[in-house]
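Structure, as structure tokens:
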Amino acid sequence: MEQSEFDPRARTREIQADFAARGDVFGWFEALYKESNGNNELIPWADLEPNKYFRAWAEAHGLKGNGRSALVVGCGLGDDARYLHDLGFKVTAFDISPSAIAWAKRLHADTDIVFETCNLFEPPAAWLAKTGPPATAGGTDKTGFDLVLEVYTIQPLPLAMRPQVIDAVAGFVAENGRLVVVTRGREDDVDPDELPWPLSRRDLSRFGENGLTELNFTEMPGDEDEPPRFVVEYRR
Ligand SMILES: C[S@@+](CC[C@H](N)C(=O)[O-])C[C@H]1O[C@@H](n2cnc3c(N)ncnc32)[C@H](O)[C@@H]1O
């Protein structure tokens, strides 16, 4: 196939379907990063820029880190992690793909961002928020992160596991911490047909069941025939 005919989105769906047919819902991410061999144009979401919808939201809300901790979920090549770093957050970022993490480390070697290869469902205990009363009166047993950022990691994972993915993301938000979710959006009564599967408000309501309160909900138009984007901020 000539390079000019190559469609990275179609190839991505092909790899995802191959792995899904073998019952592997996560393996295709590493396969795609590896196959791209350092060419980000072969990875549909990797434009080496912070997510433009998140950046618009952050600018509108005057987001500043002031040394607070942030965790970037499914960070890919780390451009959102870098954006938060530049806003003054102390950033940890993780992804299930070792190739993505190695690439992110190379791209952002001039920062102190902590990049880790990690499965969302098997995080270090220290990343998880302890909810409920402190273990000792006056004790500082706060864990989790002041800000958790999730950009496009829920939507490419199977709909059947969506509640578990949302529970896992929510688990990182410290007491009084914030979560920002950036996702393709859909109406509740529309069935998503092809990867990536957009989120509806009903899907997002699961964050509420995890003790998170919605602070603001922004809908932004997608490019051309793309679905709209939802940018939603929560507080624990
Ligand atoms: C659609 S990409 C988005 C990447 C990045 N957030 C961005 O917007 O450029 C989804 C990312 O989530 C990662 N991912 C998928 N499943 C994961 C899991 N279970 N744990 C951690 N990362 C995961 C993938 O490797 C991939 O980098």
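Following the order of the structure tokens, chains are lettered A, B, ..., residues in each are numbered from 1, and ligands are numbered from 1.
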
Expected answer as a VMD selection string: residues within 7 Å of ligand 1, only C-alpha atoms and all ligand atoms: chain A and resid 26 29 to 30 45 to 46 51 73 to 77 94 to 97 100 118 to 121 150 to 153 156 to 157

Go ahead and dump the residues you just picked, N, CA and C atoms, as an mmCIF file, in the first residue's frame.
data_model
loop_
_atom_site.group_PDB
_atom_site.id
_atom_site.type_symbol
_atom_site.label_atom_id
_atom_site.label_comp_id
_atom_site.auth_asym_id
_atom_site.auth_seq_id
_atom_site.Cartn_x
_atom_site.Cartn_y
_atom_site.Cartn_z
ATOM 1 N N PHE A 26 -6.305 -4.688 25.804
ATOM 2 C CA PHE A 26 -5.285 -3.648 26.036
ATOM 3 C C PHE A 26 -4.076 -3.752 25.096
ATOM 4 N N PHE A 29 -2.711 -1.256 22.084
ATOM 5 C CA PHE A 29 -2.079 0.066 22.244
ATOM 6 C C PHE A 29 -0.562 -0.058 22.048
ATOM 7 N N GLU A 30 0.034 -1.025 22.761
ATOM 8 C CA GLU A 30 1.481 -1.224 22.622
ATOM 9 C C GLU A 30 1.832 -1.603 21.178
ATOM 10 N N TRP A 45 -4.190 9.867 17.701
ATOM 11 C CA TRP A 45 -4.351 10.905 18.730
ATOM 12 C C TRP A 45 -3.056 11.653 19.042
ATOM 13 N N ALA A 46 -1.938 11.263 18.441
ATOM 14 C CA ALA A 46 -0.645 11.798 18.882
ATOM 15 C C ALA A 46 -0.177 12.927 17.977
ATOM 16 N N ASN A 51 -3.775 18.599 24.408
ATOM 17 C CA ASN A 51 -5.122 18.496 23.853
ATOM 18 C C ASN A 51 -5.754 19.887 23.761
ATOM 19 N N VAL A 73 -3.673 10.197 33.302
ATOM 20 C CA VAL A 73 -4.066 8.800 33.046
ATOM 21 C C VAL A 73 -3.918 8.505 31.552
ATOM 22 N N GLY A 74 -3.313 7.377 31.192
ATOM 23 C CA GLY A 74 -3.181 7.019 29.771
ATOM 24 C C GLY A 74 -2.535 8.152 28.996
ATOM 25 N N CYS A 75 -1.336 8.532 29.429
ATOM 26 C CA CYS A 75 -0.725 9.804 28.993
ATOM 27 C C CYS A 75 -0.186 9.781 27.572
ATOM 28 N N GLY A 76 -0.084 8.580 26.947
ATOM 29 C CA GLY A 76 0.467 8.522 25.593
ATOM 30 C C GLY A 76 1.846 9.157 25.545
ATOM 31 N N LEU A 77 2.032 10.109 24.629
ATOM 32 C CA LEU A 77 3.362 10.703 24.445
ATOM 33 C C LEU A 77 3.635 11.867 25.402
ATOM 34 N N PHE A 94 1.116 8.153 33.494
ATOM 35 C CA PHE A 94 1.331 6.727 33.224
ATOM 36 C C PHE A 94 0.556 6.276 32.000
ATOM 37 N N ASP A 95 1.033 5.158 31.464
ATOM 38 C CA ASP A 95 0.389 4.543 30.312
ATOM 39 C C ASP A 95 0.699 3.058 30.350
ATOM 40 N N ILE A 96 -0.196 2.264 29.795
ATOM 41 C CA ILE A 96 0.004 0.810 29.781
ATOM 42 C C ILE A 96 1.070 0.409 28.760
ATOM 43 N N SER A 97 1.364 1.280 27.801
ATOM 44 C CA SER A 97 2.292 0.937 26.724
ATOM 45 C C SER A 97 3.729 1.331 27.086
ATOM 46 N N ALA A 100 5.135 3.772 24.519
ATOM 47 C CA ALA A 100 4.668 5.158 24.668
ATOM 48 C C ALA A 100 5.437 5.846 25.794
ATOM 49 N N CYS A 118 2.235 1.571 33.479
ATOM 50 C CA CYS A 118 1.328 1.040 34.496
ATOM 51 C C CYS A 118 -0.048 0.794 33.877
ATOM 52 N N ASN A 119 -0.672 -0.289 34.294
ATOM 53 C CA ASN A 119 -2.063 -0.556 33.918
ATOM 54 C C ASN A 119 -2.967 0.166 34.906
ATOM 55 N N LEU A 120 -3.908 0.885 34.375
ATOM 56 C CA LEU A 120 -4.912 1.598 35.173
ATOM 57 C C LEU A 120 -5.487 0.739 36.306
ATOM 58 N N PHE A 121 -5.597 -0.562 36.059
ATOM 59 C CA PHE A 121 -6.229 -1.447 37.038
ATOM 60 C C PHE A 121 -5.238 -2.031 38.042
ATOM 61 N N GLU A 150 -7.808 12.997 32.637
ATOM 62 C CA GLU A 150 -8.109 11.835 31.800
ATOM 63 C C GLU A 150 -8.515 12.343 30.425
ATOM 64 N N VAL A 151 -7.687 12.111 29.412
ATOM 65 C CA VAL A 151 -7.990 12.554 28.044
ATOM 66 C C VAL A 151 -8.053 11.325 27.131
ATOM 67 N N TYR A 152 -9.241 10.977 26.667
ATOM 68 C CA TYR A 152 -9.443 9.951 25.627
ATOM 69 C C TYR A 152 -8.996 8.542 26.022
ATOM 70 N N THR A 153 -8.915 8.248 27.321
ATOM 71 C CA THR A 153 -8.515 6.885 27.714
ATOM 72 C C THR A 153 -9.721 5.989 27.974
ATOM 73 N N PRO A 156 -11.611 4.515 24.219
ATOM 74 C CA PRO A 156 -11.214 3.387 23.373
ATOM 75 C C PRO A 156 -11.269 2.029 24.082
ATOM 76 N N LEU A 157 -11.690 2.022 25.339
ATOM 77 C CA LEU A 157 -11.797 0.748 26.052
ATOM 78 C C LEU A 157 -13.234 0.235 25.930
#

Near range 196-210 of chain A, 10 Å: range 113-184 of chain A residue rows, closest pairs, only C-alpha atoms, as CSV:
residue,atom,partner,partner_atom,distance
A:Tyr152,CA,A:Pro196,CA,8.5
A:Thr153,CA,A:Pro196,CA,9.5
A:Ile154,CA,A:Leu199,CA,8.1
A:Gln155,CA,A:Trp197,CA,5.0
A:Pro156,CA,A:Pro196,CA,4.7
A:Leu157,CA,A:Trp197,CA,7.9
A:Pro158,CA,A:Trp197,CA,8.0
A:Leu159,CA,A:Trp197,CA,7.4
A:Arg162,CA,A:Asp203,CA,7.7
A:Pro163,CA,A:Arg206,CA,6.8
A:Gln164,CA,A:Arg206,CA,9.5
A:Ile166,CA,A:Phe207,CA,6.6
A:Asp167,CA,A:Asn210,CA,6.6
A:Ala168,CA,A:Asn210,CA,9.6
A:Val169,CA,A:Phe207,CA,8.8
A:Ala170,CA,A:Asn210,CA,6.5
A:Gly171,CA,A:Asn210,CA,7.9
A:Leu179,CA,A:Phe207,CA,9.6
A:Val181,CA,A:Leu204,CA,9.2
A:Val182,CA,A:Leu199,CA,9.8
A:Thr183,CA,A:Leu199,CA,6.8
A:Arg184,CA,A:Pro198,CA,4.7

The selected residues should be written to file as a PDB file, in the first residue's frame (atoms: C-alpha atoms).
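The resulting file, result39.pdb, is shown below:
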ATOM      1  CA  TYR A 152      -9.443   9.951  25.627  1.00  0.00           C
ATOM      2  CA  THR A 153      -8.515   6.885  27.714  1.00  0.00           C
ATOM      3  CA  ILE A 154     -12.031   5.768  28.632  1.00  0.00           C
ATOM      4  CA  GLN A 155     -13.444   5.990  25.111  1.00  0.00           C
ATOM      5  CA  PRO A 156     -11.214   3.387  23.373  1.00  0.00           C
ATOM      6  CA  LEU A 157     -11.797   0.748  26.052  1.00  0.00           C
ATOM      7  CA  PRO A 158     -14.745  -1.662  25.601  1.00  0.00           C
ATOM      8  CA  LEU A 159     -18.174  -0.359  26.602  1.00  0.00           C
ATOM      9  CA  ARG A 162     -16.745   1.313  31.113  1.00  0.00           C
ATOM     10  CA  PRO A 163     -18.041   1.334  34.714  1.00  0.00           C
ATOM     11  CA  GLN A 164     -14.865  -0.359  35.960  1.00  0.00           C
ATOM     12  CA  ILE A 166     -14.511   5.034  35.461  1.00  0.00           C
ATOM     13  CA  ASP A 167     -14.224   3.591  38.988  1.00  0.00           C
ATOM     14  CA  ALA A 168     -10.472   3.136  38.496  1.00  0.00           C
ATOM     15  CA  VAL A 169      -9.980   6.731  37.254  1.00  0.00           C
ATOM     16  CA  ALA A 170     -12.048   8.115  40.141  1.00  0.00           C
ATOM     17  CA  GLY A 171      -9.907   6.217  42.635  1.00  0.00           C
ATOM     18  CA  LEU A 179     -10.717  15.408  38.107  1.00  0.00           C
ATOM     19  CA  VAL A 181     -12.255  14.349  31.877  1.00  0.00           C
ATOM     20  CA  VAL A 182     -11.914  15.175  28.169  1.00  0.00           C
ATOM     21  CA  THR A 183     -13.842  12.868  25.862  1.00  0.00           C
ATOM     22  CA  ARG A 184     -15.843  12.520  22.697  1.00  0.00           C
TER      23      ARG A 184
END

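Taking only C-alpha atoms into account, Asp86 in chain A lies nearest to A:Leu63 out of the set A:Ala102, A:Val232, A:Leu63, A:Ala56.
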
Interatomic distance (Å, one decimal) between CA of Gly88 in chain A and CA of Phe145 in chain A: 14.3 Å

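Backbone DSSP assigns strand (DSSP E or B) in range 77-166 of chain A to Lys90, Val91, Thr92, Ala93, Phe94, Asp95, Val114, Phe115, Glu116, Thr117, Phe145, Asp146, Leu147, Val148, Leu149, Glu150 and Val151 of chain A.
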
Using the selection just defined, write its residues with C-alpha atoms as an mmCIF file, in the first residue's frame.
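And here's part-v1.cif as it stands now:
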data_model
loop_
_atom_site.group_PDB
_atom_site.id
_atom_site.type_symbol
_atom_site.label_atom_id
_atom_site.label_comp_id
_atom_site.auth_asym_id
_atom_site.auth_seq_id
_atom_site.Cartn_x
_atom_site.Cartn_y
_atom_site.Cartn_z
ATOM 1 C CA LYS A 90 4.200 18.289 40.069
ATOM 2 C CA VAL A 91 3.267 15.684 37.494
ATOM 3 C CA THR A 92 3.123 11.901 37.418
ATOM 4 C CA ALA A 93 1.906 10.343 34.170
ATOM 5 C CA PHE A 94 1.331 6.727 33.224
ATOM 6 C CA ASP A 95 0.389 4.543 30.312
ATOM 7 C CA VAL A 114 7.567 11.079 36.496
ATOM 8 C CA PHE A 115 6.523 8.772 33.649
ATOM 9 C CA GLU A 116 5.546 5.212 34.581
ATOM 10 C CA THR A 117 4.415 2.171 32.625
ATOM 11 C CA PHE A 145 -3.659 13.414 43.507
ATOM 12 C CA ASP A 146 -4.817 17.021 43.692
ATOM 13 C CA LEU A 147 -5.632 16.944 39.981
ATOM 14 C CA VAL A 148 -6.322 13.904 37.820
ATOM 15 C CA LEU A 149 -6.498 14.411 34.061
ATOM 16 C CA GLU A 150 -8.109 11.835 31.800
ATOM 17 C CA VAL A 151 -7.990 12.554 28.044
#

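CA of Val173 in chain A is positioned 9.1 Å from CA of Lys130 in chain A.
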
All residues 12 Å or closer to Gly177 in chain A, only C-alpha atoms, same chain fewer than 3 positions away omitted, as number ranges by chain: A: 68-71, 128-131, 142-149, 170-174, 180, 211-213, 215, 233-236

Expected answer as number ranges by chain: alpha helix (DSSP H) residues in range 69-194 of chain A: A: 79-86, 98-107, 162-170
